[in-house]
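Raw contents of query-v4.txt, compact mmCIF, C-alpha atoms:
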# COMPACT_ATOMS: atom_id res chain seq x y z
CA MET E 114 113.97 112.36 56.51
CA GLU E 115 114.81 114.74 59.35
CA LEU E 116 113.72 113.86 62.88
CA LYS E 117 111.46 116.91 63.25
CA GLU E 118 109.71 116.16 59.96
CA ARG E 119 109.23 112.53 60.96
CA PHE E 120 107.80 113.46 64.36
CA LEU E 121 105.37 116.02 62.90
CA ARG E 122 104.20 113.45 60.37
CA TYR E 123 103.42 110.94 63.11
CA VAL E 124 101.58 113.30 65.47
CA MET E 125 99.11 114.21 62.74
CA VAL E 126 97.98 110.59 62.48
CA HIS E 127 95.07 110.02 64.87
CA SER E 128 95.87 107.01 67.07
CA ALA E 129 94.07 107.44 70.41
CA SER E 130 93.15 104.26 72.27
CA ALA E 131 89.80 103.66 74.02
CA GLU E 132 89.17 102.41 77.56
CA GLU E 133 85.79 100.86 76.86
CA SER E 134 86.92 98.55 74.05
CA ASP E 135 87.56 94.84 74.59
CA CYS E 136 89.55 94.47 71.35
CA THR E 137 93.26 94.90 70.60
CA PRO E 138 93.86 97.39 69.20
CA SER E 139 91.10 99.17 71.04
CA THR E 140 90.59 101.55 68.09
CA PRO E 141 90.93 100.72 64.38
CA TRP E 142 92.74 103.96 63.55
CA GLN E 143 95.84 102.77 65.40
CA PHE E 144 96.40 100.66 62.29
CA ASP E 145 96.78 103.90 60.33
CA LEU E 146 100.02 104.73 62.13
CA SER E 147 101.09 101.08 62.01
CA ARG E 148 100.87 101.17 58.21
CA VAL E 149 102.80 104.44 58.00
CA LEU E 150 105.61 102.86 60.03
CA GLU E 151 105.53 99.63 58.06
CA GLU E 152 105.90 101.59 54.81
CA GLU E 153 108.82 103.62 56.18
CA MET E 154 110.60 100.52 57.50
CA LEU E 155 110.32 98.79 54.14
CA ARG E 156 111.55 101.89 52.31
CA MET E 157 114.52 102.13 54.71
CA GLY E 158 115.43 98.51 53.95
CA MET E 159 114.75 97.02 57.38
CA ASP E 160 114.27 93.24 57.61
CA ARG E 161 111.35 91.10 58.86
CA VAL E 162 108.92 94.02 58.69
CA MET E 163 105.30 93.24 59.48
CA VAL E 164 102.12 94.54 61.08
CA ASP E 165 100.20 91.82 62.90
CA GLU E 166 96.47 91.47 63.51
CA HIS E 167 96.71 93.52 66.72
CA ALA E 168 98.50 96.49 65.07
CA TYR E 169 101.93 95.63 66.52
CA VAL E 170 104.67 96.73 64.12
CA TYR E 171 107.87 94.67 63.95
CA GLY E 172 111.13 95.26 62.12
CA GLU E 173 114.84 94.74 62.58
CA LEU E 174 118.32 95.74 61.53
CA PRO E 175 120.39 92.61 60.91
CA ALA E 176 123.85 92.50 62.42
CA THR E 177 126.59 93.85 60.21
CA PRO E 178 129.37 91.42 59.18
CA GLY E 179 131.56 90.53 62.12
CA CYS E 180 128.93 91.58 64.71
CA GLU E 181 126.67 88.54 64.50
CA GLU E 182 127.65 87.29 67.96
CA LYS E 183 126.68 90.48 69.74
CA GLU E 184 123.55 90.41 71.90
CA THR E 185 120.34 91.54 70.23
CA VAL E 186 118.82 94.71 71.67
CA ALA E 187 115.20 95.80 71.24
CA PHE E 188 113.66 99.27 71.26
CA ILE E 189 109.95 99.62 71.95
CA ALA E 190 107.54 102.58 71.86
CA HIS E 191 103.77 102.88 71.70
CA LEU E 192 101.48 104.06 68.92
CA ASP E 193 98.51 105.29 70.91
CA THR E 194 97.70 108.54 72.64
CA ILE E 195 95.49 108.93 75.70
CA PRO E 196 91.76 108.24 75.31
CA ASP E 197 90.51 111.00 77.65
CA PHE E 198 91.76 114.12 75.83
CA PRO E 199 91.39 114.79 72.08
CA GLY E 200 94.09 113.32 69.87
CA GLU E 201 92.52 113.92 66.47
CA ASN E 202 93.21 116.89 64.17
CA VAL E 203 96.48 117.71 65.92
CA ARG E 204 97.82 121.07 64.73
CA PRO E 205 101.34 121.48 66.11
CA GLN E 206 102.86 124.92 66.62
CA VAL E 207 106.59 125.16 65.84
CA PHE E 208 108.70 127.98 67.30
CA GLU E 209 112.19 128.23 65.84
CA ASN E 210 114.71 129.85 68.18
CA TYR E 211 112.18 129.97 71.04
CA ASP E 212 112.67 133.15 73.10
CA GLY E 213 111.79 131.69 76.51
CA SER E 214 108.52 133.60 76.95
CA ASP E 215 104.89 132.53 77.46
CA ILE E 216 103.21 131.02 74.39
CA PRO E 217 99.49 131.31 73.54
CA LEU E 218 98.27 127.90 72.41
CA GLY E 219 96.44 128.83 69.24
CA ASP E 220 93.01 130.39 69.80
CA SER E 221 92.17 128.03 72.67
CA GLY E 222 92.66 130.61 75.41
CA ARG E 223 95.28 128.39 77.01
CA VAL E 224 98.84 129.62 77.54
CA LEU E 225 102.02 127.62 77.95
CA SER E 226 103.51 129.78 80.68
CA VAL E 227 106.92 129.96 82.29
CA LYS E 228 105.18 130.34 85.65
CA ASP E 229 103.53 126.93 85.32
CA PHE E 230 106.46 125.30 83.49
CA PRO E 231 109.70 126.90 84.78
CA HIS E 232 111.89 124.58 82.70
CA LEU E 233 110.81 126.54 79.60
CA GLU E 234 113.54 129.07 80.38
CA LYS E 235 116.13 126.35 79.77
CA LEU E 236 114.67 125.71 76.30
CA LYS E 237 115.44 129.22 75.06
CA GLY E 238 117.07 129.17 71.64
CA GLN E 239 115.74 125.70 70.78
CA THR E 240 113.00 124.70 68.33
CA LEU E 241 109.92 124.27 70.52
CA ILE E 242 106.90 122.26 69.36
CA THR E 243 103.57 122.70 71.18
CA THR E 244 99.89 121.97 70.71
CA ASP E 245 97.31 124.55 69.63
CA GLY E 246 95.60 124.04 72.98
CA THR E 247 92.76 121.85 71.72
CA THR E 248 94.46 118.42 71.57
CA VAL E 249 97.39 116.51 72.95
CA LEU E 250 100.58 116.79 70.92
CA GLY E 251 101.24 113.07 70.91
CA ALA E 252 104.89 113.27 71.95
CA ASP E 253 103.81 110.54 74.35
CA ASP E 254 104.89 108.42 72.64
CA LYS E 255 105.33 109.43 69.02
CA ALA E 256 108.55 111.16 70.02
CA GLY E 257 109.83 107.75 71.11
CA VAL E 258 108.64 106.19 67.86
CA ALA E 259 110.32 108.92 65.79
CA GLU E 260 113.59 108.71 67.73
CA ILE E 261 113.83 104.94 67.28
CA MET E 262 113.05 105.17 63.56
CA GLN E 263 115.52 108.01 63.04
CA ALA E 264 118.29 106.18 64.91
CA CYS E 265 117.78 103.08 62.78
CA GLU E 266 117.74 105.05 59.53
CA GLU E 267 120.90 106.98 60.36
CA ILE E 268 122.81 103.85 61.37
CA MET E 269 121.84 102.20 58.10
CA ILE E 270 122.87 105.25 56.04
CA GLU E 271 126.17 105.60 57.93
CA HIS E 272 126.98 101.85 57.56
CA GLN E 273 128.19 101.70 61.15
CA PRO E 274 128.94 98.22 62.59
CA HIS E 275 126.36 96.94 65.04
CA GLY E 276 124.67 93.86 66.39
CA ARG E 277 121.13 92.82 65.53
CA VAL E 278 118.53 95.45 66.51
CA CYS E 279 114.84 94.67 66.94
CA VAL E 280 112.08 97.27 66.89
CA CYS E 281 108.47 96.97 67.99
CA PHE E 282 105.75 99.61 68.17
CA THR E 283 102.76 98.66 70.29
CA PRO E 284 99.09 99.71 70.53
CA ASP E 285 97.05 100.47 73.66
CA GLU E 286 99.83 101.30 76.12
CA GLU E 287 97.76 104.17 77.51
CA ILE E 288 95.07 101.75 78.64
CA GLY E 289 97.54 99.24 80.11
CA HIS E 290 97.49 96.63 77.32
CA GLY E 291 100.55 97.59 75.29
CA ALA E 292 102.65 94.55 76.14
CA ALA E 293 99.84 92.01 76.14
CA PHE E 294 100.30 90.61 72.62
CA LEU E 295 103.94 91.49 71.99
CA ASP E 296 105.48 88.31 70.60
CA LEU E 297 108.80 87.95 72.42
CA ASP E 298 109.78 84.93 70.35
CA ARG E 299 109.33 86.92 67.17
CA LEU E 300 111.18 89.86 68.68
CA GLY E 301 114.07 87.59 69.67
CA ALA E 302 116.00 90.11 71.76
CA ALA E 303 118.26 89.50 74.75
CA TYR E 304 117.11 92.72 76.42
CA GLY E 305 115.37 95.94 75.46
CA PHE E 306 114.46 99.52 76.23
CA THR E 307 111.11 101.23 76.09
CA VAL E 308 111.49 104.82 74.88
CA ASP E 309 108.61 106.47 76.70
CA GLY E 310 109.98 108.81 79.36
CA SER E 311 110.50 112.53 79.68
CA ASP E 312 113.95 114.09 80.20
CA PRO E 313 116.68 113.10 77.70
CA GLY E 314 118.88 111.77 80.52
CA GLU E 315 116.13 109.64 82.03
CA LEU E 316 116.81 105.99 82.78
CA SER E 317 113.90 104.46 84.69
CA TYR E 318 113.78 100.94 86.03
CA GLU E 319 111.77 101.28 89.24
CA THR E 320 107.98 101.23 89.03
CA PHE E 321 105.15 100.94 91.49
CA ASN E 322 103.80 97.68 92.80
CA ALA E 323 100.13 97.97 91.96
CA ALA E 324 96.76 96.60 92.99
CA SER E 325 93.14 97.52 92.37
CA ALA E 326 90.52 97.34 95.09
CA LYS E 327 86.74 97.56 95.08
CA VAL E 328 84.58 97.97 98.16
CA GLU E 329 80.91 97.07 97.79
CA VAL E 330 78.64 98.38 100.55
CA ASN E 331 75.18 96.92 101.08
CA GLY E 332 72.77 99.26 102.81
CA PHE E 333 69.22 98.87 104.10
CA ASN E 334 66.75 101.39 102.73
CA ILE E 335 63.56 102.28 104.56
CA HIS E 336 61.32 105.33 104.73
CA PRO E 337 63.36 107.99 106.53
CA GLY E 338 60.39 108.85 108.76
CA SER E 339 60.57 105.42 110.41
CA ALA E 340 64.24 104.63 109.91
CA LYS E 341 65.57 104.91 113.44
CA GLY E 342 67.56 101.82 114.40
CA LYS E 343 66.84 100.21 111.03
CA MET E 344 68.29 102.17 108.12
CA ILE E 345 71.87 101.51 106.98
CA ASN E 346 72.80 104.26 104.56
CA ALA E 347 75.38 102.81 102.17
CA ASN E 348 76.48 106.34 101.21
CA LEU E 349 77.52 107.10 104.78
CA VAL E 350 79.10 103.72 105.42
CA ALA E 351 81.22 104.14 102.30
CA MET E 352 82.32 107.58 103.52
CA GLU E 353 83.31 106.08 106.87
CA ILE E 354 85.35 103.34 105.17
CA ASN E 355 87.23 105.87 103.07
CA GLY E 356 87.60 108.18 106.07
CA ARG E 357 89.63 105.60 107.97
CA LEU E 358 92.35 105.66 105.30
CA PRO E 359 95.37 107.96 105.83
CA ALA E 360 94.27 111.35 104.54
CA ASP E 361 97.75 112.41 103.40
CA GLU E 362 98.51 109.24 101.46
CA VAL E 363 96.77 110.25 98.24
CA PRO E 364 98.26 111.20 94.84
CA ALA E 365 97.87 114.94 95.41
CA LYS E 366 100.00 114.78 98.57
CA THR E 367 102.72 112.27 97.65
CA GLU E 368 105.84 112.16 95.47
CA GLY E 369 109.03 110.19 94.87
CA HIS E 370 108.90 106.83 96.64
CA GLU E 371 105.74 107.68 98.59
CA GLY E 372 102.85 105.36 97.83
CA PHE E 373 99.14 106.13 97.96
CA TYR E 374 95.49 105.12 98.03
CA HIS E 375 93.63 106.61 95.07
CA LEU E 376 89.83 106.64 95.10
CA MET E 377 89.09 106.48 91.38
CA GLU E 378 85.31 106.28 91.31
CA THR E 379 82.27 106.14 93.57
CA GLN E 380 78.75 104.97 92.78
CA ALA E 381 76.40 105.39 95.68
CA SER E 382 72.80 105.33 96.86
CA VAL E 383 71.22 104.56 100.24
CA GLU E 384 70.90 100.92 99.28
CA LYS E 385 74.19 100.27 97.48
CA ALA E 386 77.59 101.96 97.22
CA THR E 387 80.79 101.04 95.42
CA LEU E 388 84.25 102.51 95.98
CA SER E 389 86.92 101.78 93.33
CA TYR E 390 90.57 102.29 94.31
CA ILE E 391 94.03 101.79 92.98
CA LEU E 392 96.78 101.10 95.55
CA ARG E 393 100.38 101.94 94.73
CA ASP E 394 103.77 101.59 96.43
CA HIS E 395 107.34 101.02 95.28
CA SER E 396 107.76 98.62 98.22
CA ALA E 397 105.96 95.29 97.88
CA GLU E 398 105.79 95.02 101.67
CA LYS E 399 104.21 98.45 102.02
CA LEU E 400 101.66 97.63 99.33
CA GLU E 401 100.61 94.62 101.40
CA GLU E 402 100.28 96.93 104.40
CA ARG E 403 98.01 99.20 102.37
CA LYS E 404 95.80 96.28 101.48
CA GLU E 405 95.57 95.39 105.17
CA VAL E 406 94.63 98.96 106.18
CA LEU E 407 91.76 98.83 103.67
CA ARG E 408 90.73 95.37 104.90
CA GLU E 409 90.63 96.62 108.49
CA SER E 410 88.48 99.58 107.49
CA VAL E 411 86.02 97.17 105.88
CA ARG E 412 86.10 94.88 108.93
CA ALA E 413 85.34 97.87 111.16
CA ALA E 414 82.27 98.66 109.06
CA ASN E 415 81.08 95.08 109.35
CA ARG E 416 81.55 95.11 113.12
CA GLU E 417 79.48 98.29 113.33
CA TYR E 418 76.70 97.49 110.86
CA GLY E 419 76.65 93.70 110.60
CA PRO E 420 78.44 90.94 108.68
CA ASP E 421 78.74 91.40 104.92
CA THR E 422 77.66 95.03 105.04
CA ALA E 423 80.91 95.72 103.17
CA VAL E 424 82.81 93.38 100.86
CA LEU E 425 86.37 94.02 99.65
CA ILE E 426 87.76 92.63 96.38
CA VAL E 427 91.49 93.12 95.68
CA HIS E 428 93.40 92.27 92.49
CA ASP E 429 97.16 92.56 91.98
CA GLN E 430 98.03 94.42 88.76
CA TYR E 431 101.80 94.65 88.30
CA ARG E 432 105.07 94.56 90.24
CA ASN E 433 108.09 96.80 90.58
CA MET E 434 110.42 95.91 87.72
CA ALA E 435 113.47 96.93 89.77
CA GLU E 436 113.51 93.54 91.49
CA VAL E 437 114.44 91.99 88.12
CA VAL E 438 116.34 94.81 86.38
CA LEU E 439 118.83 95.24 89.22
CA GLN E 440 119.93 91.66 88.63
CA HIS E 441 121.26 92.84 85.24
CA PRO E 442 123.49 95.86 86.02
CA GLU E 443 125.30 95.55 82.70
CA ILE E 444 122.14 96.70 80.88
CA LEU E 445 121.83 99.79 83.03
CA LYS E 446 125.55 100.50 82.64
CA ARG E 447 125.27 100.46 78.85
CA ALA E 448 122.46 103.01 78.96
CA GLU E 449 124.22 105.16 81.55
CA GLN E 450 127.36 105.29 79.41
CA ALA E 451 125.32 106.29 76.35
CA ILE E 452 123.61 109.08 78.29
CA GLN E 453 126.91 110.32 79.73
CA ALA E 454 128.48 110.33 76.26
CA GLU E 455 125.82 112.88 75.31
CA GLY E 456 127.03 115.14 78.11
CA LEU E 457 124.14 114.33 80.45
CA THR E 458 123.91 112.90 83.94
CA PRO E 459 121.63 109.84 84.06
CA VAL E 460 118.42 110.55 85.97
CA CYS E 461 117.11 107.41 87.68
CA GLU E 462 113.94 108.67 89.32
CA PRO E 463 111.25 106.16 90.32
CA VAL E 464 108.36 105.89 87.88
CA ARG E 465 105.14 106.80 89.66
CA GLY E 466 103.19 104.36 87.57
CA GLY E 467 103.84 101.32 85.44
CA THR E 468 105.31 100.84 81.98
CA ASP E 469 105.10 98.31 79.19
CA GLY E 470 108.69 97.64 80.14
CA ALA E 471 107.59 96.44 83.56
CA GLN E 472 105.25 93.87 82.06
CA LEU E 473 107.86 92.79 79.52
CA THR E 474 110.51 92.49 82.22
CA PHE E 475 108.38 90.00 84.13
CA ARG E 476 107.69 88.15 80.89
CA GLY E 477 111.45 87.68 80.43
CA LEU E 478 112.63 90.71 78.43
CA VAL E 479 114.49 93.02 80.83
CA CYS E 480 113.37 96.42 79.64
CA PRO E 481 114.26 99.73 81.39
CA ASN E 482 112.79 102.99 80.11
CA LEU E 483 114.57 105.87 78.33
CA GLY E 484 113.50 109.50 78.02
CA THR E 485 112.02 111.08 74.89
CA GLY E 486 112.54 114.78 75.72
CA GLY E 487 108.83 115.56 76.08
CA HIS E 488 107.03 117.46 78.83
CA ALA E 489 103.49 117.87 80.24
CA PHE E 490 102.14 114.69 78.72
CA HIS E 491 98.42 113.82 78.65
CA GLY E 492 97.00 117.26 78.02
CA PRO E 493 96.98 120.45 75.94
CA TYR E 494 100.25 121.76 77.43
CA GLU E 495 102.35 118.92 76.03
CA HIS E 496 105.54 120.17 74.36
CA ILE E 497 108.96 119.07 73.19
CA THR E 498 112.01 120.49 71.41
CA THR E 499 113.77 119.22 68.33
CA GLU E 500 117.08 119.40 70.17
CA SER E 501 115.93 117.17 73.02
CA MET E 502 114.61 114.62 70.52
CA GLU E 503 117.97 114.65 68.75
CA THR E 504 119.71 113.96 72.06
CA CYS E 505 117.40 111.05 72.83
CA LYS E 506 117.92 109.67 69.34
CA ASN E 507 121.69 109.87 69.86
CA VAL E 508 121.40 107.94 73.14
CA ILE E 509 119.62 105.16 71.25
CA LYS E 510 122.33 105.13 68.58
CA ARG E 511 125.08 104.94 71.18
CA ILE E 512 123.41 101.97 72.90
CA ILE E 513 123.17 100.19 69.55
CA LEU E 514 126.72 100.92 68.49
CA ALA E 515 128.17 99.98 71.89
CA GLY E 516 126.61 96.55 71.66
Rewrite the structure of this file - the entire thing - as structure tokens.
Amino acid sequence: MELKERFLRYVMVHSASAEESDCTPSTPWQFDLSRVLEEEMLRMGMDRVMVDEHAYVYGELPATPGCEEKETVAFIAHLDTIPDFPGENVRPQVFENYDGSDIPLGDSGRVLSVKDFPHLEKLKGQTLITTDGTTVLGADDKAGVAEIMQACEEIMIEHQPHGRVCVCFTPDEEIGHGAAFLDLDRLGAAYGFTVDGSDPGELSYETFNAASAKVEVNGFNIHPGSAKGKMINANLVAMEINGRLPADEVPAKTEGHEGFYHLMETQASVEKATLSYILRDHSAEKLEERKEVLRESVRAANREYGPDTAVLIVHDQYRNMAEVVLQHPEILKRAEQAIQAEGLTPVCEPVRGGTDGAQLTFRGLVCPNLGTGGHAFHGPYEHITTESMETCKNVIKRIILAG
């Protein structure tokens, strides 16, 4: 099977996850893609193939004779697409020998424009795959799934010598649960790579440190005609608390290594208000400083309006995987050499988020992230080229064969 054909087959399988679910997988249709992959793995002749009760798909290539002592490497990608934009009835548009111009996305009224996506000019002459403007494409992360599967199939067909290779495809990454039930003992790898990035030369190993924070404001409601000196309007107190935070340290005004405070949701009335935040920073020390700034804003409200007017609840979510990955430079070197062998310069930009690899790294499987070749994830402008997927697939093969 060709890589493009494989990718197009996967994106047409509905596999969106769901935030509100308390099950894993969060949606039953993720099993549909799990079964497709299980069937393909068995047909390819992979070993130890199974789908578990949580829709995780496992398989492996056994080491070829003489390579049994080589370290086992794992490749991991996720099955699900985002829950907050349609992922069902995907109708990909394929443009052979793309001419570098703007592309209408079906009859949706949306246009994939060079103005908004200047890199499109560099894709001229390639085979471009887009959405029809009504759904996501699903390259995040079905491109990663397809590239891993294609690499494994080609290595088996070519009978090239290699160490043991483990593969796992996970559900619910888009809602932060993708690594939760991954059985590392069953996987049995010395180290791994998630294949869930963007540019083909991408090698990511630095994520945010992350925390969630909730501020609960208790007001005092009384008839506004007789409220002087008595009313505490929780709406206004909540606005004051948020107003004390640095106005420029929000997602819309930060990039690179700059952290932020992100107000995700507000629920407010005169009597009760709730502010829900996520706090992010690549520096663990700076994340602690952000927590303290928010604590001081809450303390100021309590000094002004009385004890327990505002209550702050903070939970740590995940840590920057770089603190572990950088202790294993040989893993990064192997990936860098594979990327360079494809004529690319490794791009080691910080991830402005978290990855399954971050969670797995702190569980004991050091797991940097590789690119898939996709662009504009999480919306109707998502697109990818066959050529970039081929390059990413070749990087995976080179890592395997160098082992």
Would you tabulate, counting all atoms listed in the file, all residues of segment 351-466 of chain E that have an atom at most 10 Å from an atom of segment 286-306 of chain E, showing the closest pair of atoms and their distance in Å to one decimal, sorted by chain then ascending number, as CSV?
residue,atom,partner,partner_atom,distance
E:Gln430,CA,E:Gly289,CA,9.9
E:His441,CA,E:Tyr304,CA,9.7
E:Ile444,CA,E:Tyr304,CA,7.8
E:Ala448,CA,E:Phe306,CA,9.1
Can you tell me, as a ChimeraX atom specification, what residues are no more than 8 Å from segment 269-283 of chain E when counting all atoms listed in the file, ignoring any on the same chain fewer than 5 positions away? /E:147,168-178,180-193,258,261,291-292,295,300-302,513-516
Residues within 8 Å of segment 212-229 of chain E, please, as a CSV table (one decimal) with C-alpha atoms, in the coordinates of the input. Count only C-alpha atoms; anything in the same chain fewer than 2 positions from it doesn't count.
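around-v3.csv, freshly written:
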chain,number,residue,atom,x,y,z
E,206,GLN,CA,102.9,124.9,66.6
E,210,ASN,CA,114.7,129.8,68.2
E,231,PRO,CA,109.7,126.9,84.8
E,232,HIS,CA,111.9,124.6,82.7
E,233,LEU,CA,110.8,126.5,79.6
E,234,GLU,CA,113.5,129.1,80.4
E,235,LYS,CA,116.1,126.4,79.8
E,236,LEU,CA,114.7,125.7,76.3
E,237,LYS,CA,115.4,129.2,75.1
E,238,GLY,CA,117.1,129.2,71.6
E,243,THR,CA,103.6,122.7,71.2
E,244,THR,CA,99.9,122.0,70.7
E,245,ASP,CA,97.3,124.6,69.6
E,246,GLY,CA,95.6,124.0,73.0
E,247,THR,CA,92.8,121.8,71.7
E,494,TYR,CA,100.2,121.8,77.4
For Val164 of chain E, the nearest of the candidates E:Arg465, E:Pro205, E:Glu436, E:Pro284, counting all atoms listed in the file: E:Pro284
Surrounding residues of Ile497 of chain E excluding itself and chain neighbours under 5 positions, 7 Å, all atoms listed in the file, as a ChimeraX atom specification: /E:241-243,486-488
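For the pair atom CA of Gly200 of chain E and atom CA of Thr137 of chain E, the interatomic distance is 18.5 Å.
Checking E:Arg204, E:Lys117, E:His496, E:Lys506 one by one against Gly484 of chain E, counting only C-alpha atoms, you find the shortest gap at E:Lys506.
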Copy segment 131-154 of chain E out of the block into a file, keeping C-alpha atoms, as a PDB file, in the first residue's frame.
ATOM      1  CA  ALA E 131     -14.829  13.750  23.611  1.00  0.00           C
ATOM      2  CA  GLU E 132     -13.985  16.027  26.540  1.00  0.00           C
ATOM      3  CA  GLU E 133     -17.063  15.224  28.600  1.00  0.00           C
ATOM      4  CA  SER E 134     -16.536  11.453  28.725  1.00  0.00           C
ATOM      5  CA  ASP E 135     -15.080   9.702  31.772  1.00  0.00           C
ATOM      6  CA  CYS E 136     -14.273   6.502  29.843  1.00  0.00           C
ATOM      7  CA  THR E 137     -11.178   5.457  27.882  1.00  0.00           C
ATOM      8  CA  PRO E 138     -11.549   5.601  24.992  1.00  0.00           C
ATOM      9  CA  SER E 139     -13.802   8.597  25.366  1.00  0.00           C
ATOM     10  CA  THR E 140     -15.705   7.626  22.194  1.00  0.00           C
ATOM     11  CA  PRO E 141     -16.495   4.101  20.961  1.00  0.00           C
ATOM     12  CA  TRP E 142     -15.695   4.914  17.330  1.00  0.00           C
ATOM     13  CA  GLN E 143     -11.984   5.173  18.141  1.00  0.00           C
ATOM     14  CA  PHE E 144     -12.129   1.376  18.164  1.00  0.00           C
ATOM     15  CA  ASP E 145     -13.034   1.528  14.460  1.00  0.00           C
ATOM     16  CA  LEU E 146      -9.590   2.853  13.578  1.00  0.00           C
ATOM     17  CA  SER E 147      -7.967   0.517  16.106  1.00  0.00           C
ATOM     18  CA  ARG E 148      -9.467  -2.461  14.277  1.00  0.00           C
ATOM     19  CA  VAL E 149      -8.358  -1.159  10.879  1.00  0.00           C
ATOM     20  CA  LEU E 150      -4.787  -0.918  12.190  1.00  0.00           C
ATOM     21  CA  GLU E 151      -4.938  -4.302  13.877  1.00  0.00           C
ATOM     22  CA  GLU E 152      -6.050  -5.902  10.604  1.00  0.00           C
ATOM     23  CA  GLU E 153      -3.264  -4.194   8.642  1.00  0.00           C
ATOM     24  CA  MET E 154      -0.604  -5.187  11.182  1.00  0.00           C
TER      25      MET E 154
END
